[in-house]
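Structure file query.cif with mmCIF, C-alpha atoms:
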data_coords
#
loop_
_atom_site.label_atom_id
_atom_site.label_comp_id
_atom_site.auth_asym_id
_atom_site.auth_seq_id
_atom_site.Cartn_x
_atom_site.Cartn_y
_atom_site.Cartn_z
CA MET A 1 0.00 0.00 0.00
CA GLU A 2 1.38 3.40 -0.99
CA PRO A 3 2.10 5.82 1.85
CA THR A 4 -0.11 8.85 2.30
CA ARG A 5 1.85 12.05 1.60
CA LEU A 6 0.76 15.18 3.44
CA PRO A 7 2.65 18.34 2.45
CA VAL A 8 3.12 20.90 5.23
CA THR A 9 4.03 24.50 4.45
CA HIS A 10 5.61 26.85 6.99
CA PRO A 11 7.14 30.34 6.88
CA SER A 12 10.56 29.12 5.73
CA GLY A 13 9.61 26.27 3.44
CA GLN A 14 7.79 22.96 3.16
CA TYR A 15 8.18 19.35 4.22
CA ASP A 16 6.21 16.15 3.72
CA VAL A 17 4.64 13.91 6.31
CA LEU A 18 4.60 10.33 5.03
CA VAL A 19 2.16 7.92 6.68
CA GLY A 20 2.51 4.26 5.77
CA ALA A 21 3.94 0.85 6.55
CA ASP A 22 7.63 -0.14 6.51
CA LEU A 23 9.03 3.33 5.89
CA LEU A 24 12.02 3.17 8.26
CA PRO A 25 14.25 0.93 6.10
CA ASN A 26 14.06 3.60 3.37
CA LEU A 27 14.68 6.55 5.70
CA ALA A 28 17.55 8.20 3.78
CA ASP A 29 15.77 8.05 0.41
CA LEU A 30 12.30 9.02 1.66
CA ALA A 31 13.62 11.90 3.77
CA GLN A 32 16.23 12.85 1.16
CA ILE A 33 19.08 12.79 3.67
CA ARG A 34 22.46 13.35 2.01
CA GLY A 35 24.86 13.80 4.94
CA PRO A 36 25.65 11.75 8.05
CA ILE A 37 22.79 10.69 10.32
CA ALA A 38 22.84 11.17 14.08
CA LEU A 39 20.10 8.98 15.51
CA ILE A 40 18.53 9.97 18.82
CA THR A 41 16.30 7.34 20.39
CA ASP A 42 15.45 6.00 23.84
CA SER A 43 16.07 2.83 25.79
CA HIS A 44 12.63 1.41 24.94
CA VAL A 45 12.39 2.20 21.23
CA GLY A 46 16.03 1.82 20.18
CA PRO A 47 16.27 -1.97 20.59
CA LEU A 48 12.94 -2.44 18.78
CA HIS A 49 13.37 -0.24 15.74
CA ALA A 50 16.84 1.32 15.39
CA PRO A 51 18.25 -1.70 13.48
CA ARG A 52 15.66 -1.14 10.74
CA LEU A 53 17.29 2.17 9.80
CA GLY A 54 20.57 0.67 8.62
CA ALA A 55 23.90 2.46 8.99
CA VAL A 56 24.05 5.76 10.87
CA ALA A 57 27.02 7.90 11.89
CA CYS A 58 26.15 7.65 15.57
CA THR A 59 23.33 6.44 17.77
CA ILE A 60 22.54 8.29 20.97
CA THR A 61 20.24 6.46 23.37
CA ILE A 62 18.64 8.38 26.21
CA PRO A 63 16.67 6.93 29.12
CA ALA A 64 12.97 6.56 28.37
CA GLY A 65 10.45 8.71 30.20
CA GLU A 66 9.21 12.29 30.62
CA GLN A 67 11.37 12.68 33.72
CA HIS A 68 14.43 12.67 31.44
CA LYS A 69 13.15 15.47 29.20
CA THR A 70 15.58 17.94 30.75
CA LEU A 71 18.45 20.26 29.91
CA ALA A 72 20.78 17.74 31.56
CA THR A 73 19.79 15.16 28.94
CA VAL A 74 20.31 17.75 26.18
CA HIS A 75 23.80 18.41 27.52
CA THR A 76 24.74 14.73 27.31
CA ILE A 77 23.52 14.64 23.70
CA TYR A 78 25.65 17.69 22.79
CA ASP A 79 28.68 15.94 24.28
CA GLN A 80 28.09 12.81 22.21
CA LEU A 81 27.49 14.73 18.98
CA LEU A 82 30.75 16.62 19.47
CA ALA A 83 32.64 13.44 20.36
CA ALA A 84 31.38 11.89 17.10
CA GLY A 85 32.61 14.89 15.13
CA LEU A 86 29.18 15.75 13.75
CA ASP A 87 29.19 19.01 11.76
CA ARG A 88 26.44 21.11 10.20
CA GLN A 89 26.05 18.67 7.30
CA ALA A 90 24.59 16.12 9.71
CA THR A 91 20.89 15.36 10.08
CA ILE A 92 19.47 14.54 13.48
CA VAL A 93 16.83 11.81 13.28
CA ALA A 94 14.39 11.39 16.18
CA LEU A 95 13.20 7.81 16.57
CA GLY A 96 10.69 7.48 19.39
CA GLY A 97 7.70 9.06 21.01
CA GLY A 98 6.97 12.67 21.82
CA VAL A 99 9.68 12.99 24.46
CA VAL A 100 12.40 11.89 22.04
CA GLY A 101 11.01 14.13 19.33
CA ASP A 102 10.88 17.17 21.60
CA ILE A 103 14.42 16.66 22.88
CA ALA A 104 15.93 15.81 19.49
CA GLY A 105 14.20 18.77 17.87
CA PHE A 106 15.50 21.13 20.53
CA VAL A 107 19.01 19.73 20.05
CA ALA A 108 18.69 20.12 16.26
CA ALA A 109 17.59 23.74 16.70
CA THR A 110 20.54 24.62 18.91
CA TYR A 111 23.50 22.36 18.05
CA LEU A 112 25.94 24.43 15.97
CA ARG A 113 23.09 26.98 15.70
CA GLY A 114 20.93 24.50 13.84
CA VAL A 115 21.16 21.29 11.80
CA ASP A 116 18.57 19.41 9.74
CA PHE A 117 16.04 17.35 11.62
CA VAL A 118 13.82 14.39 10.64
CA GLN A 119 11.04 13.01 12.81
CA CYS A 120 10.35 9.26 12.90
CA PRO A 121 7.59 9.04 15.51
CA THR A 122 6.93 5.54 16.87
CA SER A 123 3.93 6.23 19.12
CA LEU A 124 0.44 7.14 18.01
CA LEU A 125 0.54 10.24 20.19
CA ALA A 126 3.75 11.47 18.57
CA MET A 127 2.51 10.71 15.05
CA VAL A 128 -0.72 12.68 15.27
CA ASP A 129 0.51 15.50 17.50
CA ALA A 130 4.11 16.06 18.57
CA SER A 131 5.83 15.32 15.24
CA VAL A 132 3.98 18.01 13.25
CA GLY A 133 4.23 21.74 13.74
CA GLY A 134 7.83 22.42 14.73
CA LYS A 135 7.44 22.92 18.48
CA THR A 136 10.31 21.45 20.50
CA GLY A 137 11.29 21.77 24.11
CA VAL A 138 12.29 20.37 27.46
CA ASP A 139 10.81 20.56 30.94
CA LEU A 140 11.99 22.50 33.97
CA PRO A 141 11.14 21.53 37.56
CA GLN A 142 8.53 24.29 37.48
CA GLY A 143 6.60 22.87 34.51
CA LYS A 144 6.46 21.25 31.08
CA ASN A 145 8.11 22.61 27.93
CA LEU A 146 9.24 25.86 29.53
CA VAL A 147 12.44 25.91 27.44
CA GLY A 148 12.20 25.30 23.72
CA ALA A 149 12.32 26.53 20.15
CA PHE A 150 10.40 26.31 16.91
CA LYS A 151 12.33 23.88 14.67
CA GLN A 152 10.64 22.58 11.56
CA PRO A 153 11.63 19.07 10.43
CA THR A 154 12.77 18.44 6.87
CA ALA A 155 10.53 15.35 6.80
CA VAL A 156 8.29 13.24 9.04
CA LEU A 157 8.06 9.47 8.52
CA ALA A 158 5.13 7.99 10.41
CA ASP A 159 5.81 4.27 10.01
CA ILE A 160 2.62 2.73 11.33
CA THR A 161 4.20 -0.72 11.65
CA THR A 162 5.96 0.63 14.75
CA LEU A 163 2.56 0.92 16.41
CA GLN A 164 2.35 -2.87 16.52
CA THR A 165 4.94 -2.85 19.31
CA LEU A 166 3.09 -0.27 21.42
CA PRO A 167 1.61 -1.45 24.72
CA PRO A 168 -2.21 -1.08 24.65
CA GLU A 169 -2.13 1.72 27.20
CA GLU A 170 0.28 3.73 25.03
CA PHE A 171 -1.91 3.28 21.95
CA ALA A 172 -4.89 4.43 24.03
CA ALA A 173 -2.92 7.49 25.15
CA GLY A 174 -2.42 8.42 21.51
CA MET A 175 -6.12 8.04 20.83
CA ALA A 176 -6.74 10.91 23.26
CA GLU A 177 -5.06 13.25 20.79
CA VAL A 178 -7.07 11.75 17.92
CA VAL A 179 -10.26 12.46 19.87
CA LYS A 180 -9.00 15.99 20.53
CA HIS A 181 -8.38 16.58 16.83
CA GLY A 182 -11.90 15.43 16.02
CA LEU A 183 -13.28 17.88 18.58
CA ILE A 184 -11.18 20.74 17.24
CA SER A 185 -12.22 20.75 13.60
CA ASN A 186 -13.33 17.40 12.23
CA PRO A 187 -16.83 16.41 13.40
CA ASP A 188 -16.75 13.54 10.90
CA LEU A 189 -13.66 12.07 12.60
CA PHE A 190 -15.28 12.48 16.02
CA GLY A 191 -18.41 10.79 14.66
CA ARG A 192 -16.32 7.86 13.40
CA LEU A 193 -14.85 7.51 16.87
CA GLU A 194 -18.29 7.69 18.49
CA THR A 195 -19.65 4.87 16.34
CA GLY A 196 -16.42 2.87 16.09
CA ASP A 197 -16.46 3.38 12.33
CA TRP A 198 -12.78 4.28 12.13
CA ARG A 199 -12.19 0.53 11.81
CA LEU A 200 -13.61 0.49 8.30
CA THR A 201 -14.71 -3.06 7.55
CA ASN A 202 -13.77 -2.92 3.89
CA GLN A 203 -10.11 -2.24 4.65
CA SER A 204 -7.26 -4.13 6.28
CA PRO A 205 -6.16 -3.19 9.81
CA ILE A 206 -3.08 -1.45 8.38
CA SER A 207 -5.24 0.52 5.93
CA ASN A 208 -7.58 1.56 8.73
CA LEU A 209 -4.68 2.69 10.86
CA GLN A 210 -3.08 4.59 7.99
CA SER A 211 -6.39 6.35 7.31
CA LEU A 212 -6.93 7.23 10.98
CA VAL A 213 -3.40 8.57 11.49
CA ALA A 214 -3.43 10.57 8.26
CA THR A 215 -6.85 12.10 9.03
CA ALA A 216 -5.75 13.14 12.52
CA ILE A 217 -2.49 14.60 11.19
CA GLU A 218 -4.41 16.62 8.60
CA VAL A 219 -6.27 18.41 11.38
CA LYS A 220 -3.05 19.52 13.02
CA ARG A 221 -1.40 20.27 9.67
CA ASP A 222 -4.20 22.62 8.66
CA VAL A 223 -4.14 24.45 12.00
CA VAL A 224 -0.35 24.96 12.15
CA GLN A 225 -0.19 26.09 8.53
CA GLU A 226 -2.72 28.80 9.37
CA ASP A 227 -0.92 29.81 12.58
CA PRO A 228 2.70 28.57 12.64
CA PHE A 229 3.81 30.52 15.74
CA GLU A 230 0.71 30.12 17.94
CA LYS A 231 -0.55 33.68 17.62
CA GLY A 232 -4.20 32.71 17.20
CA ARG A 233 -6.03 29.57 16.10
CA ARG A 234 -3.16 27.22 16.95
CA ALA A 235 -4.00 27.73 20.62
CA THR A 236 -7.05 25.51 20.07
CA LEU A 237 -4.67 22.54 19.74
CA ASN A 238 -4.21 22.95 23.50
CA LEU A 239 -7.79 21.80 24.15
CA GLY A 240 -7.64 19.91 27.46
CA HIS A 241 -3.96 20.69 27.96
CA THR A 242 -4.20 23.37 30.66
CA PHE A 243 -5.94 20.79 32.84
CA GLY A 244 -3.92 17.86 31.47
CA HIS A 245 -0.46 19.35 32.03
CA ALA A 246 -1.40 20.23 35.61
CA ILE A 247 -2.55 16.67 36.25
CA GLU A 248 0.68 15.29 34.80
CA GLN A 249 2.79 17.65 36.89
CA VAL A 250 0.99 17.01 40.18
CA SER A 251 1.19 13.25 39.55
CA GLY A 252 4.96 13.48 39.15
CA TYR A 253 4.36 12.39 35.52
CA ARG A 254 2.96 9.04 36.59
CA VAL A 255 -0.08 10.04 34.52
CA ARG A 256 0.77 9.69 30.83
CA HIS A 257 0.39 12.73 28.61
CA GLY A 258 -2.46 11.15 26.65
CA GLU A 259 -4.23 10.20 29.88
CA GLY A 260 -3.82 13.77 31.13
CA VAL A 261 -5.26 15.07 27.86
CA ALA A 262 -8.24 12.71 28.16
CA LEU A 263 -8.96 13.95 31.67
CA GLY A 264 -8.43 17.51 30.46
CA LEU A 265 -10.96 17.08 27.65
CA VAL A 266 -13.58 15.99 30.17
CA ALA A 267 -12.74 18.88 32.49
CA ALA A 268 -12.80 21.38 29.60
CA ALA A 269 -16.24 20.14 28.52
CA ASN A 270 -17.50 20.37 32.10
CA LEU A 271 -16.16 23.92 32.45
CA SER A 272 -17.70 24.90 29.08
CA ALA A 273 -21.09 23.60 30.19
CA ARG A 274 -20.72 25.20 33.64
CA LEU A 275 -20.19 28.56 31.93
CA ALA A 276 -23.21 27.89 29.66
CA TYR A 277 -21.23 27.71 26.44
CA CYS A 278 -22.37 24.18 25.60
CA ASP A 279 -24.82 21.52 26.71
CA LEU A 280 -23.65 19.18 29.47
CA ALA A 281 -24.52 16.31 27.13
CA LEU A 282 -21.32 17.10 25.19
CA GLN A 283 -19.29 16.04 28.23
CA GLY A 284 -21.12 12.71 28.21
CA ARG A 285 -20.38 12.19 24.51
CA ILE A 286 -16.69 12.92 25.04
CA GLU A 287 -16.52 10.59 28.04
CA ALA A 288 -18.13 7.76 26.07
CA VAL A 289 -15.61 8.09 23.24
CA LEU A 290 -12.67 8.19 25.66
CA GLN A 291 -13.96 5.21 27.66
CA ALA A 292 -14.34 3.21 24.43
CA GLN A 293 -10.62 3.75 23.84
CA GLY A 294 -9.73 2.59 27.36
CA LEU A 295 -8.93 6.09 28.60
CA PRO A 296 -9.65 7.54 32.05
CA THR A 297 -12.43 10.10 32.47
CA ARG A 298 -12.15 10.88 36.20
CA ILE A 299 -9.25 12.67 37.90
CA PRO A 300 -7.84 10.54 40.75
CA SER A 301 -9.09 11.84 44.10
CA GLU A 302 -5.52 12.00 45.44
CA PHE A 303 -4.90 15.10 43.29
CA ALA A 304 -6.46 18.00 45.17
CA PRO A 305 -8.26 20.58 42.99
CA ALA A 306 -6.38 23.41 44.71
CA ALA A 307 -3.02 21.79 43.91
CA LEU A 308 -4.04 21.25 40.29
CA TYR A 309 -5.20 24.84 39.97
CA GLN A 310 -1.91 26.11 41.37
CA ALA A 311 0.04 23.91 38.95
CA MET A 312 -1.79 25.52 36.04
CA PHE A 313 0.03 28.78 36.71
CA THR A 314 3.35 27.26 35.62
CA ASP A 315 1.77 26.58 32.22
CA LYS A 316 3.45 28.64 29.52
CA LYS A 317 0.09 29.21 27.81
CA LYS A 318 -1.07 31.75 30.39
CA ALA A 319 -1.15 35.38 29.22
CA ALA A 320 -0.68 38.52 31.34
CA GLY A 321 -0.71 36.32 34.43
CA LYS A 322 -4.12 34.86 33.57
CA LEU A 323 -4.90 31.28 32.69
CA ARG A 324 -6.21 30.61 29.21
CA PHE A 325 -8.67 27.80 28.61
CA ILE A 326 -9.85 26.33 25.32
CA LEU A 327 -13.61 25.96 25.68
CA LEU A 328 -16.24 24.28 23.51
CA ARG A 329 -19.52 25.40 22.07
CA ASP A 330 -19.87 22.16 20.12
CA VAL A 331 -17.79 19.60 18.23
CA GLY A 332 -15.68 21.68 15.83
CA ASP A 333 -16.57 24.99 17.53
CA LEU A 334 -13.90 26.09 20.02
CA PHE A 335 -12.62 29.38 21.39
CA VAL A 336 -9.98 30.72 23.78
CA ALA A 337 -11.16 32.15 27.11
CA GLY A 338 -8.87 34.18 29.34
CA ASP A 339 -11.29 35.42 31.97
CA VAL A 340 -12.47 32.24 33.68
CA GLY A 341 -13.01 32.58 37.41
CA GLU A 342 -11.11 30.45 39.91
CA GLN A 343 -14.27 29.10 41.52
CA ALA A 344 -15.61 27.80 38.21
CA VAL A 345 -12.33 26.00 37.48
CA LEU A 346 -12.19 24.48 40.97
CA ALA A 347 -15.83 23.40 40.67
CA SER A 348 -15.13 21.61 37.38
CA LEU A 349 -12.03 19.92 38.80
CA THR A 350 -14.11 18.70 41.73
CA ALA A 351 -16.96 17.57 39.49
CA VAL A 352 -14.76 15.32 37.37
CA GLN A 353 -12.86 13.71 40.24
CA SER A 354 -13.29 10.06 41.14
CA GLY A 355 -14.86 9.07 44.43
#
So, in terms of structure tokens, how does the structure I just supplied come out?
Amino acid sequence: MEPTRLPVTHPSGQYDVLVGADLLPNLADLAQIRGPIALITDSHVGPLHAPRLGAVACTITIPAGEQHKTLATVHTIYDQLLAAGLDRQATIVALGGGVVGDIAGFVAATYLRGVDFVQCPTSLLAMVDASVGGKTGVDLPQGKNLVGAFKQPTAVLADITTLQTLPPEEFAAGMAEVVKHGLISNPDLFGRLETGDWRLTNQSPISNLQSLVATAIEVKRDVVQEDPFEKGRRATLNLGHTFGHAIEQVSGYRVRHGEGVALGLVAAANLSARLAYCDLALQGRIEAVLQAQGLPTRIPSEFAPAALYQAMFTDKKKAAGKLRFILLRDVGDLFVAGDVGEQAVLASLTAVQSG
């Protein structure tokens, strides 16, 4: 089956996102890499998929996990790139999930003031979200992604065969972003998820997966092309994230990003209904879709609403000291609100807690 090719334009050029099976063995040709390759991967993904890429100039393996998405990890990568003698003709290839992509992209943006960068996302979450749009970054103790840069890749290869090695809970985490993309601007995609019709019966499992991933990527592609530096509409991609990032942070990142997003979507719908922007039935529809994907819909009771609210203030998306929330009027109808009262937020956090 031929890969789906999705061109992405940005202020300084264009690149292609390729979605298909067995792309990694043809990395250099498909991504048109001419110089040496510096592969950055993690301790989980590297043993599974790095051998499929063939010869590379150097392989840098970092520990897996959000807790390692730090400037200290970036420093160790710089050291290894320099030790390998990598110059500005090199291309950094990120092979892994969103954490690897964010770190590798930040390194590519800053090493020798910038080298080429190719994304090879291996998780569903990274394919449909983190690998497209050029945002890179690392965490600080005070919050997620507080240091970063915009660095556009020269190509993205979403090899869907890598998804066959994902644990079920990681695939589910990625589906949270697919649900989010349906809510943002593709009611048809959300409808397919509601009815289970994304598993089209007239296609093979690989074809279904390729179609789902490509459709979800198109949503993000269209938004970031319209707003490459997050000055306007791109903020809607953060639906559920103000809540979700706070949940991740308070949990010490024991809650996966996709799980945090799922919980954030429920909380955002509850807050939207509480403020009379949408019907409360929308929250129920979102919960049903998330539950069908094996995702959580209730914030663990151990995370106090007051602590979650406080954690939101380390979120880089606040403006002029005020929190910004993406709220819903309906599926495909979102807006940014910057004047939401504390009591309403706390009430929604309490309403969607377990127990």
Selected by the PyMOL selection byres ((chain A and resi 139-154) around 6) in the shown coordinates: which residues, as a ChimeraX atom specification?
-> /A:15,69-70,109,117-118,134-138,155,314
Residues of range 125-207 of chain A that approach range 26-46 of chain A to 12 Å or less, counting all atoms listed in the file: could you list each one with the shortest pair of atoms and its distance in Å to one decimal, rows by chain and increasing residue number, as JSON lines?
{"residue": "A:Pro153", "atom": "CA", "partner": "A:Ala31", "partner_atom": "CA", "distance": 10.0}
{"residue": "A:Thr154", "atom": "CA", "partner": "A:Ala31", "partner_atom": "CA", "distance": 7.3}
{"residue": "A:Ala155", "atom": "CA", "partner": "A:Ala31", "partner_atom": "CA", "distance": 5.5}
{"residue": "A:Val156", "atom": "CA", "partner": "A:Ala31", "partner_atom": "CA", "distance": 7.6}
{"residue": "A:Leu157", "atom": "CA", "partner": "A:Ala31", "partner_atom": "CA", "distance": 7.7}
{"residue": "A:Ala158", "atom": "CA", "partner": "A:Leu27", "partner_atom": "CA", "distance": 10.7}
{"residue": "A:Asp159", "atom": "CA", "partner": "A:Leu27", "partner_atom": "CA", "distance": 10.1}
{"residue": "A:Thr162", "atom": "CA", "partner": "A:Val45", "partner_atom": "CA", "distance": 9.3}
{"residue": "A:Leu163", "atom": "CA", "partner": "A:Val45", "partner_atom": "CA", "distance": 11.0}
{"residue": "A:Thr165", "atom": "CA", "partner": "A:Val45", "partner_atom": "CA", "distance": 9.2}
{"residue": "A:Leu166", "atom": "CA", "partner": "A:Val45", "partner_atom": "CA", "distance": 9.6}
{"residue": "A:Pro167", "atom": "CA", "partner": "A:His44", "partner_atom": "CA", "distance": 11.4}
Serialized selection, C-alpha atoms, as a PDB file, keeping the file's coordinate frame:
ATOM      1  CA  PRO A 153      11.630  19.070  10.430  1.00  0.00           C
ATOM      2  CA  THR A 154      12.770  18.440   6.870  1.00  0.00           C
ATOM      3  CA  ALA A 155      10.530  15.350   6.800  1.00  0.00           C
ATOM      4  CA  VAL A 156       8.290  13.240   9.040  1.00  0.00           C
ATOM      5  CA  LEU A 157       8.060   9.470   8.520  1.00  0.00           C
ATOM      6  CA  ALA A 158       5.130   7.990  10.410  1.00  0.00           C
ATOM      7  CA  ASP A 159       5.810   4.270  10.010  1.00  0.00           C
ATOM      8  CA  THR A 162       5.960   0.630  14.750  1.00  0.00           C
ATOM      9  CA  LEU A 163       2.560   0.920  16.410  1.00  0.00           C
ATOM     10  CA  THR A 165       4.940  -2.850  19.310  1.00  0.00           C
ATOM     11  CA  LEU A 166       3.090  -0.270  21.420  1.00  0.00           C
ATOM     12  CA  PRO A 167       1.610  -1.450  24.720  1.00  0.00           C
TER      13      PRO A 167
END
Using only C-alpha atoms, which of A:Gln80, A:Leu308, A:Leu271, A:Ala90 sits nearest Gly341 in chain A?
-> A:Leu271
Could you pull the residues within 12 Å of Ala214 in chain A, counting all atoms listed in the file, minus those fewer than 5 positions along the same chain, as a PyMOL selection string?
-> chain A and resi 3-7+17-20+124+127-129+132+157-160+178+181+189+198+207-209+219-221
Selected residue, from A:Pro305, A:Ala176, A:Val224, A:Asp279, that lies nearest to Ala262 in chain A when counting only C-alpha atoms =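 Using only C-alpha atoms, the shortest distance to Ala262 in chain A belongs to A:Ala176.
Shortest separation to Thr161 in chain A among A:Ala304, A:Ile286, A:Leu24, A:Ile103 occurs at residue A:Leu24, atoms counted being all atoms listed in the file.
Nearest to Gln67 in chain A of all the residues A:Arg192, A:Arg88, A:Arg256, A:Lys231 is A:Arg256, based on only C-alpha atoms.
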For the structure provided, state which residues fall under the PyMOL selection byres ((chain A and resi 245-255) around 8), and present them as a list in words.
->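 Output from the PyMOL selection byres ((chain A and resi 245-255) around 8), applied to this file: Glu66, Gln67, Gly143, Lys144, His241, Thr242, Phe243, Gly244, Arg256, His257, Glu259, Gly260, Val261, Ile299, Phe303, Ala307, Leu308, Tyr309, Ala311, Met312 and Asp315 of chain A.
For the atom pair formed by CA of Phe313 in chain A and CA of Gly264 in chain A, the distance is 15.4 Å, given to one decimal.
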Rounded to one decimal place, report the CA of Pro51 in chain A-CA of Ala172 in chain A distance in Å.
->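 If I compute the distance from CA of Pro51 in chain A to CA of Ala172 in chain A, I get 26.2 Å.
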Given the file above and the PyMOL selection byres ((chain A and resi 347) around 10), which residues are selected, and can you give them as a compact mmCIF listing (two decimals) with C-alpha atoms, keeping the file's coordinate frame?
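Saved file expr-v1.txt follows:
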# COMPACT_ATOMS: atom_id res chain seq x y z
CA ALA A 267 -12.74 18.88 32.49
CA ASN A 270 -17.50 20.37 32.10
CA LEU A 271 -16.16 23.92 32.45
CA ARG A 274 -20.72 25.20 33.64
CA PRO A 305 -8.26 20.58 42.99
CA GLU A 342 -11.11 30.45 39.91
CA GLN A 343 -14.27 29.10 41.52
CA ALA A 344 -15.61 27.80 38.21
CA VAL A 345 -12.33 26.00 37.48
CA LEU A 346 -12.19 24.48 40.97
CA SER A 348 -15.13 21.61 37.38
CA LEU A 349 -12.03 19.92 38.80
CA THR A 350 -14.11 18.70 41.73
CA ALA A 351 -16.96 17.57 39.49
CA VAL A 352 -14.76 15.32 37.37
Using all atoms listed in the file, which of A:Met1, A:Pro11, A:Leu323, A:Ala306 sits nearest Phe229 in chain A?
->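 Once distances to Phe229 in chain A are computed over all atoms listed in the file, the minimum belongs to A:Pro11.
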Out of A:Leu125, A:Cys58, A:Ile77, A:Ala83, which residue has the shortest atom-to-atom distance to Gly105 in chain A when counting only C-alpha atoms?
->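 Closest to Gly105 in chain A, using only C-alpha atoms: A:Ile77.
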Quick one: everything within 9 Å of Arg298 in chain A, counting all atoms listed in the file, minus sequence neighbours fewer than 2 positions away in the same chain. Send it as a ChimeraX atom specification.
-> /A:263,266-267,296,300-301,351-355
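A straight line drawn from CA of Ile206 in chain A to CA of Leu237 in chain A is 26.6 Å long.
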Could N, CA and C atoms be built for range 245-257 of chain A and written out as a compact mmCIF listing (two decimals), in the frame of the given file?
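After the write, result_18.txt holds the following:
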# COMPACT_ATOMS: atom_id res chain seq x y z
N HIS A 245 -1.84 19.13 31.59
CA HIS A 245 -0.46 19.35 32.03
C HIS A 245 -0.39 19.46 33.55
N ALA A 246 -1.39 20.11 34.15
CA ALA A 246 -1.40 20.23 35.61
C ALA A 246 -1.53 18.87 36.27
N ILE A 247 -2.38 18.02 35.71
CA ILE A 247 -2.55 16.67 36.25
C ILE A 247 -1.25 15.88 36.14
N GLU A 248 -0.60 15.98 34.98
CA GLU A 248 0.68 15.29 34.80
C GLU A 248 1.70 15.76 35.83
N GLN A 249 1.79 17.08 35.98
CA GLN A 249 2.79 17.65 36.89
C GLN A 249 2.54 17.23 38.33
N VAL A 250 1.30 17.35 38.79
CA VAL A 250 0.99 17.01 40.18
C VAL A 250 1.18 15.51 40.43
N SER A 251 1.00 14.69 39.40
CA SER A 251 1.19 13.25 39.55
C SER A 251 2.66 12.85 39.53
N GLY A 252 3.55 13.82 39.31
CA GLY A 252 4.96 13.48 39.15
C GLY A 252 5.19 12.73 37.84
N TYR A 253 4.32 13.00 36.86
CA TYR A 253 4.36 12.39 35.52
C TYR A 253 4.09 10.89 35.55
N ARG A 254 3.45 10.42 36.61
CA ARG A 254 2.96 9.04 36.59
C ARG A 254 1.76 8.91 35.65
N VAL A 255 1.02 10.00 35.50
CA VAL A 255 -0.08 10.04 34.52
C VAL A 255 0.52 10.34 33.15
N ARG A 256 0.27 9.47 32.19
CA ARG A 256 0.77 9.69 30.83
C ARG A 256 0.17 10.96 30.23
N HIS A 257 0.88 11.51 29.25
CA HIS A 257 0.39 12.73 28.61
C HIS A 257 -0.99 12.52 28.00
